[in-house]
$ cat my_file.cif   # mmCIF, C-alpha atoms
data_work
#
loop_
_atom_site.group_PDB
_atom_site.id
_atom_site.type_symbol
_atom_site.label_atom_id
_atom_site.label_comp_id
_atom_site.auth_asym_id
_atom_site.auth_seq_id
_atom_site.Cartn_x
_atom_site.Cartn_y
_atom_site.Cartn_z
ATOM 1 C CA MET X 1 -158.510 34.813 165.338
ATOM 2 C CA PRO X 2 -161.494 34.918 162.948
ATOM 3 C CA THR X 3 -161.232 37.337 160.046
ATOM 4 C CA ARG X 4 -163.251 40.549 160.169
ATOM 5 C CA TYR X 5 -166.236 40.992 157.910
ATOM 6 C CA THR X 6 -169.443 42.971 157.973
ATOM 7 C CA ASP X 7 -173.015 41.756 158.260
ATOM 8 C CA ALA X 8 -173.503 42.946 154.686
ATOM 9 C CA GLN X 9 -170.665 40.691 153.500
ATOM 10 C CA LEU X 10 -172.141 37.766 155.413
ATOM 11 C CA GLN X 11 -175.557 38.386 153.885
ATOM 12 C CA ALA X 12 -173.980 38.665 150.424
ATOM 13 C CA LEU X 13 -172.495 35.196 150.897
ATOM 14 C CA MET X 14 -175.866 33.758 151.883
ATOM 15 C CA GLU X 15 -177.484 35.406 148.849
ATOM 16 C CA ALA X 16 -174.766 33.972 146.603
ATOM 17 C CA ILE X 17 -175.295 30.479 148.080
ATOM 18 C CA TYR X 18 -179.025 30.786 147.465
ATOM 19 C CA GLN X 19 -178.527 31.871 143.841
ATOM 20 C CA ARG X 20 -175.927 29.157 143.156
ATOM 21 C CA TYR X 21 -177.304 26.171 145.089
ATOM 22 C CA SER X 22 -180.920 27.115 146.082
ATOM 23 C CA TYR X 23 -180.210 26.599 149.787
ATOM 24 C CA ASP X 24 -181.755 29.525 151.620
ATOM 25 C CA PHE X 25 -179.936 30.636 154.797
ATOM 26 C CA ARG X 26 -180.757 34.309 154.273
ATOM 27 C CA ASP X 27 -183.143 34.460 157.227
ATOM 28 C CA TYR X 28 -181.058 32.525 159.730
ATOM 29 C CA THR X 29 -179.918 34.604 162.688
ATOM 30 C CA LEU X 30 -176.711 36.548 162.110
ATOM 31 C CA PRO X 31 -174.973 35.516 165.392
ATOM 32 C CA SER X 32 -175.405 31.796 164.651
ATOM 33 C CA GLN X 33 -174.290 32.274 161.045
ATOM 34 C CA ARG X 34 -171.238 34.213 162.161
ATOM 35 C CA ARG X 35 -170.189 31.449 164.596
ATOM 36 C CA ARG X 36 -170.486 28.820 161.889
ATOM 37 C CA LEU X 37 -168.706 30.868 159.253
ATOM 38 C CA ASN X 38 -165.839 31.682 161.620
ATOM 39 C CA TYR X 39 -165.430 27.954 162.170
ATOM 40 C CA ALA X 40 -165.636 27.288 158.425
ATOM 41 C CA ILE X 41 -163.001 29.935 157.610
ATOM 42 C CA GLU X 42 -160.638 28.271 160.066
ATOM 43 C CA ARG X 43 -161.447 24.740 158.933
ATOM 44 C CA PHE X 44 -160.991 25.541 155.239
ATOM 45 C CA ARG X 45 -157.905 27.667 156.010
ATOM 46 C CA CYS X 46 -159.337 30.628 154.134
ATOM 47 C CA ALA X 47 -157.776 34.060 154.541
ATOM 48 C CA SER X 48 -161.144 35.821 154.464
ATOM 49 C CA LEU X 49 -164.867 35.408 154.075
ATOM 50 C CA ALA X 50 -164.462 36.432 150.432
ATOM 51 C CA ALA X 51 -162.012 33.548 149.930
ATOM 52 C CA LEU X 52 -164.474 31.136 151.519
ATOM 53 C CA GLN X 53 -167.223 32.452 149.256
ATOM 54 C CA GLN X 54 -165.098 31.961 146.154
ATOM 55 C CA MET X 55 -164.213 28.428 147.216
ATOM 56 C CA VAL X 56 -167.735 27.203 147.888
ATOM 57 C CA LEU X 57 -169.201 28.850 144.791
ATOM 58 C CA ASP X 58 -166.546 27.295 142.548
ATOM 59 C CA ASP X 59 -166.538 23.838 144.165
ATOM 60 C CA PRO X 60 -169.823 22.019 144.908
ATOM 61 C CA ALA X 61 -167.935 19.504 147.055
ATOM 62 C CA ALA X 62 -166.641 22.329 149.239
ATOM 63 C CA PHE X 63 -170.174 23.651 149.533
ATOM 64 C CA GLY X 64 -171.303 20.172 150.597
ATOM 65 C CA GLU X 65 -168.803 20.375 153.462
ATOM 66 C CA LEU X 66 -169.944 23.890 154.352
ATOM 67 C CA LEU X 67 -173.557 22.682 154.384
ATOM 68 C CA GLN X 68 -172.700 20.304 157.228
ATOM 69 C CA ILE X 69 -171.512 23.324 159.225
ATOM 70 C CA LEU X 70 -174.380 25.649 158.337
ATOM 71 C CA THR X 71 -177.087 23.125 159.221
ATOM 72 C CA VAL X 72 -175.615 22.108 162.602
ATOM 73 C CA PRO X 73 -176.418 18.375 162.414
ATOM 74 C CA VAL X 74 -176.518 17.816 166.196
ATOM 75 C CA THR X 75 -179.298 15.942 167.997
ATOM 76 C CA GLN X 76 -179.926 12.947 170.273
ATOM 77 C CA MET X 77 -182.582 10.388 171.086
ATOM 78 C CA PHE X 78 -185.274 11.365 173.613
ATOM 79 C CA ARG X 79 -183.694 14.793 174.098
ATOM 80 C CA ASP X 80 -185.517 16.607 176.925
ATOM 81 C CA PRO X 81 -187.159 13.415 178.277
ATOM 82 C CA ALA X 82 -189.968 15.379 179.963
ATOM 83 C CA PHE X 83 -191.158 16.402 176.509
ATOM 84 C CA PHE X 84 -191.720 12.759 175.565
ATOM 85 C CA LEU X 85 -193.472 12.098 178.869
ATOM 86 C CA ALA X 86 -195.800 14.993 178.051
ATOM 87 C CA LEU X 87 -196.412 13.526 174.603
ATOM 88 C CA ARG X 88 -197.471 10.246 176.189
ATOM 89 C CA GLU X 89 -199.781 12.009 178.636
ATOM 90 C CA HIS X 90 -201.361 14.758 176.549
ATOM 91 C CA VAL X 91 -200.934 13.907 172.859
ATOM 92 C CA VAL X 92 -200.930 10.142 172.387
ATOM 93 C CA PRO X 93 -204.453 9.649 173.838
ATOM 94 C CA VAL X 94 -205.786 12.111 171.261
ATOM 95 C CA LEU X 95 -203.777 10.561 168.421
ATOM 96 C CA LYS X 96 -205.396 7.231 169.263
ATOM 97 C CA THR X 97 -208.774 8.682 168.293
ATOM 98 C CA TYR X 98 -207.641 9.064 164.655
ATOM 99 C CA PRO X 99 -207.712 6.085 162.280
ATOM 100 C CA SER X 100 -204.362 7.003 160.657
ATOM 101 C CA PRO X 101 -202.463 9.755 162.496
ATOM 102 C CA THR X 102 -199.857 11.664 160.501
ATOM 103 C CA ILE X 103 -196.805 13.179 162.182
ATOM 104 C CA TRP X 104 -194.249 15.574 160.768
ATOM 105 C CA VAL X 105 -190.778 15.945 162.275
ATOM 106 C CA ALA X 106 -189.426 19.137 160.681
ATOM 107 C CA GLY X 107 -185.675 19.623 160.763
ATOM 108 C CA CYS X 108 -185.109 15.966 161.622
ATOM 109 C CA CYS X 109 -181.318 16.135 161.280
ATOM 110 C CA THR X 110 -179.886 12.593 161.536
ATOM 111 C CA GLY X 111 -183.199 11.068 162.605
ATOM 112 C CA GLU X 112 -182.874 10.440 166.329
ATOM 113 C CA GLU X 113 -185.993 12.378 167.268
ATOM 114 C CA ALA X 114 -188.142 10.756 164.593
ATOM 115 C CA LEU X 115 -186.920 7.355 165.751
ATOM 116 C CA SER X 116 -187.684 8.291 169.369
ATOM 117 C CA LEU X 117 -191.247 9.175 168.367
ATOM 118 C CA ALA X 118 -191.579 5.892 166.509
ATOM 119 C CA ILE X 119 -190.550 3.983 169.652
ATOM 120 C CA VAL X 120 -193.045 5.902 171.806
ATOM 121 C CA LEU X 121 -195.836 5.233 169.302
ATOM 122 C CA HIS X 122 -194.868 1.554 169.125
ATOM 123 C CA GLU X 123 -195.017 1.213 172.903
ATOM 124 C CA GLU X 124 -198.414 2.906 172.912
ATOM 125 C CA GLY X 125 -199.733 0.449 170.305
ATOM 126 C CA LEU X 126 -200.115 3.189 167.730
ATOM 127 C CA LEU X 127 -197.164 2.970 165.338
ATOM 128 C CA GLU X 128 -198.763 0.604 162.826
ATOM 129 C CA ARG X 129 -201.518 3.166 162.215
ATOM 130 C CA CYS X 130 -199.175 6.159 161.921
ATOM 131 C CA ARG X 131 -197.331 7.828 159.101
ATOM 132 C CA ILE X 132 -194.246 9.777 160.139
ATOM 133 C CA TYR X 133 -192.659 12.282 157.769
ATOM 134 C CA ALA X 134 -189.179 13.426 158.798
ATOM 135 C CA THR X 135 -187.723 16.263 156.743
ATOM 136 C CA ASP X 136 -184.483 18.201 156.515
ATOM 137 C CA ILE X 137 -182.427 20.131 153.967
ATOM 138 C CA ASN X 138 -179.181 18.245 154.620
ATOM 139 C CA PRO X 139 -178.892 15.188 152.310
ATOM 140 C CA GLN X 140 -176.039 13.673 154.318
ATOM 141 C CA ALA X 141 -178.053 13.904 157.539
ATOM 142 C CA LEU X 142 -181.096 12.367 155.809
ATOM 143 C CA ALA X 143 -178.984 9.444 154.582
ATOM 144 C CA THR X 144 -177.782 8.787 158.133
ATOM 145 C CA ALA X 145 -181.359 9.010 159.400
ATOM 146 C CA ALA X 146 -182.674 6.533 156.841
ATOM 147 C CA ALA X 147 -179.930 4.033 157.719
ATOM 148 C CA GLY X 148 -180.712 4.189 161.449
ATOM 149 C CA VAL X 149 -177.122 3.412 162.421
ATOM 150 C CA TYR X 150 -175.495 5.410 165.216
ATOM 151 C CA PRO X 151 -172.203 5.286 167.150
ATOM 152 C CA LEU X 152 -172.468 2.813 169.989
ATOM 153 C CA HIS X 153 -170.857 5.203 172.472
ATOM 154 C CA ARG X 154 -173.928 7.460 172.254
ATOM 155 C CA LEU X 155 -176.313 4.713 173.358
ATOM 156 C CA GLU X 156 -175.578 5.004 177.083
ATOM 157 C CA GLU X 157 -176.794 8.604 176.987
ATOM 158 C CA TYR X 158 -179.719 7.676 174.743
ATOM 159 C CA GLY X 159 -180.674 4.851 177.093
ATOM 160 C CA ALA X 160 -180.716 7.176 180.093
ATOM 161 C CA ASN X 161 -182.904 9.625 178.162
ATOM 162 C CA TYR X 162 -185.239 6.786 177.151
ATOM 163 C CA ARG X 163 -185.715 5.634 180.732
ATOM 164 C CA ALA X 164 -186.368 9.192 181.909
ATOM 165 C CA ALA X 165 -188.877 9.593 179.069
ATOM 166 C CA GLY X 166 -191.027 6.766 180.425
ATOM 167 C CA GLY X 167 -189.730 3.959 178.219
ATOM 168 C CA LEU X 168 -191.560 0.689 178.721
ATOM 169 C CA GLU X 169 -188.766 -1.643 177.599
ATOM 170 C CA ARG X 170 -184.992 -1.397 177.434
ATOM 171 C CA LEU X 171 -183.627 0.703 174.605
ATOM 172 C CA ASP X 172 -181.362 -2.144 173.531
ATOM 173 C CA ALA X 173 -184.498 -4.078 172.608
ATOM 174 C CA TYR X 174 -184.714 -1.782 169.584
ATOM 175 C CA TYR X 175 -181.226 -2.177 168.113
ATOM 176 C CA THR X 176 -178.509 -4.685 167.366
ATOM 177 C CA VAL X 177 -174.809 -4.075 167.922
ATOM 178 C CA GLU X 178 -172.556 -4.199 164.865
ATOM 179 C CA HIS X 179 -168.916 -3.510 165.715
ATOM 180 C CA ALA X 180 -168.933 0.015 167.197
ATOM 181 C CA THR X 181 -172.406 0.933 165.977
ATOM 182 C CA ALA X 182 -176.031 0.346 166.909
ATOM 183 C CA ARG X 183 -178.424 -0.528 164.060
ATOM 184 C CA PHE X 184 -182.027 0.258 164.939
ATOM 185 C CA ASP X 185 -184.966 -2.019 164.226
ATOM 186 C CA ALA X 186 -186.135 -1.855 160.622
ATOM 187 C CA ARG X 187 -189.744 -2.075 161.845
ATOM 188 C CA MET X 188 -189.373 1.344 163.461
ATOM 189 C CA LEU X 189 -187.652 2.887 160.438
ATOM 190 C CA ALA X 190 -190.224 1.449 158.031
ATOM 191 C CA ARG X 191 -192.872 3.781 159.447
ATOM 192 C CA ILE X 192 -190.744 6.893 158.807
ATOM 193 C CA ASN X 193 -190.544 8.648 155.443
ATOM 194 C CA PHE X 194 -187.371 10.742 155.234
ATOM 195 C CA ALA X 195 -187.479 13.549 152.678
ATOM 196 C CA ASP X 196 -185.990 16.880 151.658
ATOM 197 C CA HIS X 197 -188.044 19.905 152.705
ATOM 198 C CA SER X 198 -187.060 23.504 153.458
ATOM 199 C CA LEU X 199 -188.977 25.617 155.940
ATOM 200 C CA ALA X 200 -187.504 28.650 154.191
ATOM 201 C CA THR X 201 -188.691 27.929 150.641
ATOM 202 C CA ASP X 202 -191.127 24.998 150.496
ATOM 203 C CA SER X 203 -194.859 24.796 151.177
ATOM 204 C CA VAL X 204 -197.200 22.485 153.094
ATOM 205 C CA PHE X 205 -197.228 18.937 151.756
ATOM 206 C CA VAL X 206 -199.494 16.949 154.091
ATOM 207 C CA GLU X 207 -202.202 17.340 156.737
ATOM 208 C CA THR X 208 -200.891 16.373 160.150
ATOM 209 C CA GLN X 209 -202.117 15.684 163.678
ATOM 210 C CA LEU X 210 -198.719 16.347 165.316
ATOM 211 C CA ILE X 211 -195.703 18.393 164.250
ATOM 212 C CA CYS X 212 -192.411 18.326 166.135
ATOM 213 C CA CYS X 213 -189.896 21.018 165.202
ATOM 214 C CA ARG X 214 -187.545 21.226 168.122
ATOM 215 C CA ASN X 215 -184.394 23.323 168.404
ATOM 216 C CA VAL X 216 -184.720 24.578 164.837
ATOM 217 C CA LEU X 217 -186.549 27.897 165.189
ATOM 218 C CA ILE X 218 -183.819 29.229 167.489
ATOM 219 C CA TYR X 219 -181.607 29.528 164.399
ATOM 220 C CA PHE X 220 -184.217 31.528 162.433
ATOM 221 C CA ASN X 221 -184.852 35.255 162.536
ATOM 222 C CA LYS X 222 -188.379 36.461 163.313
ATOM 223 C CA THR X 223 -189.475 36.559 159.669
ATOM 224 C CA LEU X 224 -188.483 32.940 159.070
ATOM 225 C CA GLN X 225 -189.893 31.814 162.426
ATOM 226 C CA GLU X 226 -193.257 33.245 161.446
ATOM 227 C CA ARG X 227 -193.103 31.604 158.029
ATOM 228 C CA ALA X 228 -192.392 28.230 159.649
ATOM 229 C CA LEU X 229 -195.169 28.655 162.236
ATOM 230 C CA ALA X 230 -197.605 29.585 159.465
ATOM 231 C CA LEU X 231 -196.616 26.422 157.592
ATOM 232 C CA PHE X 232 -197.226 24.364 160.718
ATOM 233 C CA HIS X 233 -200.602 25.984 161.336
ATOM 234 C CA GLU X 234 -201.603 25.326 157.737
ATOM 235 C CA SER X 235 -200.484 21.687 157.949
ATOM 236 C CA LEU X 236 -202.123 20.858 161.284
ATOM 237 C CA CYS X 237 -205.640 19.505 161.371
ATOM 238 C CA HIS X 238 -208.272 21.113 163.584
ATOM 239 C CA ARG X 239 -206.891 21.040 167.150
ATOM 240 C CA GLY X 240 -203.635 19.417 166.047
ATOM 241 C CA PHE X 241 -200.496 19.533 168.217
ATOM 242 C CA LEU X 242 -197.174 21.368 167.798
ATOM 243 C CA GLY X 243 -194.027 20.567 169.778
ATOM 244 C CA LEU X 244 -191.130 23.043 169.959
ATOM 245 C CA GLY X 245 -187.737 23.054 171.681
ATOM 246 C CA SER X 246 -187.256 24.122 175.274
ATOM 247 C CA LYS X 247 -185.923 27.565 174.272
ATOM 248 C CA GLU X 248 -188.547 28.178 171.577
ATOM 249 C CA SER X 249 -192.026 29.650 171.766
ATOM 250 C CA VAL X 250 -194.905 30.956 169.673
ATOM 251 C CA GLN X 251 -195.079 33.995 171.951
ATOM 252 C CA PHE X 252 -194.177 37.378 170.498
ATOM 253 C CA THR X 253 -194.931 36.201 166.948
ATOM 254 C CA ARG X 254 -197.876 37.108 164.752
ATOM 255 C CA LEU X 255 -199.232 33.588 165.204
ATOM 256 C CA ALA X 256 -199.200 33.578 169.012
ATOM 257 C CA GLY X 257 -203.011 33.713 169.060
ATOM 258 C CA ASP X 258 -203.310 30.724 166.766
ATOM 259 C CA PHE X 259 -201.917 28.237 169.293
ATOM 260 C CA GLU X 260 -202.701 27.522 172.940
ATOM 261 C CA ALA X 261 -200.110 26.131 175.335
ATOM 262 C CA LEU X 262 -200.720 22.770 176.990
ATOM 263 C CA PRO X 263 -200.233 22.469 180.775
ATOM 264 C CA GLY X 264 -196.665 22.195 182.006
ATOM 265 C CA PRO X 265 -193.310 23.678 181.072
ATOM 266 C CA GLU X 266 -192.859 21.592 177.930
ATOM 267 C CA LYS X 267 -193.312 23.568 174.709
ATOM 268 C CA LEU X 268 -196.411 21.726 173.509
ATOM 269 C CA TYR X 269 -199.153 23.698 171.787
ATOM 270 C CA ARG X 270 -202.518 22.983 170.261
ATOM 271 C CA LYS X 271 -203.928 24.665 167.183
ATOM 272 C CA ARG X 272 -206.837 26.952 167.901
ATOM 273 C CA ALA X 273 -209.964 27.255 165.790
ATOM 274 C CA PRO X 274 -209.479 28.617 162.235
ATOM 275 C CA SER X 275 -208.133 32.157 162.171
ATOM 276 C CA HIS X 276 -206.000 34.465 160.124
ATOM 277 C CA ALA X 277 -202.957 32.162 159.937
ATOM 278 C CA ALA X 278 -203.880 30.485 156.645
ATOM 279 C CA SER X 279 -204.386 33.781 154.867
ATOM 280 C CA TYR X 280 -201.195 35.114 156.480
ATOM 281 C CA TYR X 281 -199.217 32.237 154.982
ATOM 282 C CA ALA X 282 -200.931 32.421 151.596
ATOM 283 C CA GLY X 283 -200.158 36.111 151.318
ATOM 284 C CA ARG X 284 -196.474 35.697 152.221
ATOM 285 C CA GLN X 285 -195.190 33.045 149.807
ATOM 286 C CA GLY X 286 -192.602 35.555 148.681
ATOM 287 C CA PHE X 287 -192.730 37.956 151.610
ATOM 288 C CA ALA X 288 -190.036 40.560 152.105
ATOM 289 C CA ARG X 289 -187.135 39.292 154.175
ATOM 290 C CA ASN X 290 -186.246 42.713 155.549
ATOM 291 C CA GLU X 291 -189.650 43.291 157.138
ATOM 292 C CA THR X 292 -189.530 44.515 160.709
#
$ encode --input "my_file.cif" --output "structure tokens"
Amino acid sequence: MPTRYTDAQLQALMEAIYQRYSYDFRDYTLPSQRRRLNYAIERFRCASLAALQQMVLDDPAAFGELLQILTVPVTQMFRDPAFFLALREHVVPVLKTYPSPTIWVAGCCTGEEALSLAIVLHEEGLLERCRIYATDINPQALATAAAGVYPLHRLEEYGANYRAAGGLERLDAYYTVEHATARFDARMLARINFADHSLATDSVFVETQLICCRNVLIYFNKTLQERALALFHESLCHRGFLGLGSKESVQFTRLAGDFEALPGPEKLYRKRAPSHAASYYAGRQGFARNET
């Protein structure tokens, strides 16, 4: 049974982590935090949340382990294949009109989605002109992403996703088998820049034509969702594209009017003409986290 603790105690832990390590989980949703912390308490065999807090504040290595739990490093290649089909149909033809398209994969985890995008762009004859930035706050996940080596047992699922996503080759054309792992083609990885970036604390770093941030916003509260969406709006060029996860939306946020939905059920949006979003972001660099 998980130990009992209040929301205030949970929030105190997140504040302490921010002050000690500069990782900001203060605006992640409380239910998701509670699930992860209950698991962490059990895994670390702590008697209480206070004991867990003492451990991770005293021991950076223990915090490194907790970070793997708090960031939920779970993803897969060509997840939601219909999304990648929609990218091919609606987004790639527009990207081809730019001399050097720039793409940002925010919250890239261990890199499977960024690699999936690279394969799509390669098959569309566009990869050599593209720059892909894939960012995350988890250094261990970023290291895995940069290596491009994944357990071989996952490749059957990835291959099925790839075929359903309109793949033009066979997925095994893009990797070599090494023991029980699959090492992906260095030509794909060479077009991806993996880097540390926090949607909670960092600012815009590049102008983009496409941003994919899928299955990340569901872990943020409304304040942090709106900060992230404002960052994306600021980063996107005129009429740039934003891709979100299947359970995410710009609706019911302050920036809903700054994006228009593309046809179909996939969560693909296009930036509207200039509006209030840039000033909204500029005025909220240090905005209050308890705003309602």
$ closest_residue --input "my_file.cif" --among "X:Asp172, X:Asp59, X:Asp24, X:Glu15" --to "X:Ala200" --atoms "all atoms listed in the file"
X:Asp24
$ residues_around --input "my_file.cif" --residues "X:Arg227" --least-positions-apart "2" --cutoff "8 Å" --atoms "only C-alpha atoms" --output "short mmCIF file (atom, residue, chain, number, x, y, z; two decimals) with C-alpha atoms, keeping the file's coordinate frame"
data_model
loop_
_atom_site.label_atom_id
_atom_site.label_comp_id
_atom_site.auth_asym_id
_atom_site.auth_seq_id
_atom_site.Cartn_x
_atom_site.Cartn_y
_atom_site.Cartn_z
CA LEU X 199 -188.98 25.62 155.94
CA ALA X 200 -187.50 28.65 154.19
CA THR X 223 -189.48 36.56 159.67
CA LEU X 224 -188.48 32.94 159.07
CA GLN X 225 -189.89 31.81 162.43
CA LEU X 229 -195.17 28.66 162.24
CA ALA X 230 -197.60 29.58 159.46
CA LEU X 231 -196.62 26.42 157.59
CA TYR X 281 -199.22 32.24 154.98
CA ARG X 284 -196.47 35.70 152.22
#
$ resolve_selection --input "my_file.cif" --expression "the PyMOL selection byres ((chain X and resi 240) around 7)" --output "MDAnalysis selection string"
chainID X and resid 209:210 236:239 241:242 270:271
$ residues_around --input "my_file.cif" --residues "X:Ala62" --least-positions-apart "6" --cutoff "12 Å" --atoms "only C-alpha atoms" --output "list in words"
Ile17, Ala40, Ile41, Arg43, Phe44, Leu52, Gln53, Gln54, Met55, Val56, Gln68 and Ile69 of chain X
$ write_last_selection --input "my_file.cif" --atoms "C-alpha atoms" --output "short mmCIF file (atom, residue, chain, number, x, y, z; two decimals), keeping the file's coordinate frame"
data_model
loop_
_atom_site.label_atom_id
_atom_site.label_comp_id
_atom_site.auth_asym_id
_atom_site.auth_seq_id
_atom_site.Cartn_x
_atom_site.Cartn_y
_atom_site.Cartn_z
CA ILE X 17 -175.30 30.48 148.08
CA ALA X 40 -165.64 27.29 158.43
CA ILE X 41 -163.00 29.94 157.61
CA ARG X 43 -161.45 24.74 158.93
CA PHE X 44 -160.99 25.54 155.24
CA LEU X 52 -164.47 31.14 151.52
CA GLN X 53 -167.22 32.45 149.26
CA GLN X 54 -165.10 31.96 146.15
CA MET X 55 -164.21 28.43 147.22
CA VAL X 56 -167.74 27.20 147.89
CA GLN X 68 -172.70 20.30 157.23
CA ILE X 69 -171.51 23.32 159.22
#
$ atom_distance --input "my_file.cif" --atom1 "atom CA of X:Val92" --atom2 "atom CA of X:Tyr175"
23.6 Å
$ closest_residue --input "my_file.cif" --among "X:Glu234, X:Glu89, X:Glu226, X:Glu113" --to "X:Val250" --atoms "all atoms listed in the file"
X:Glu226
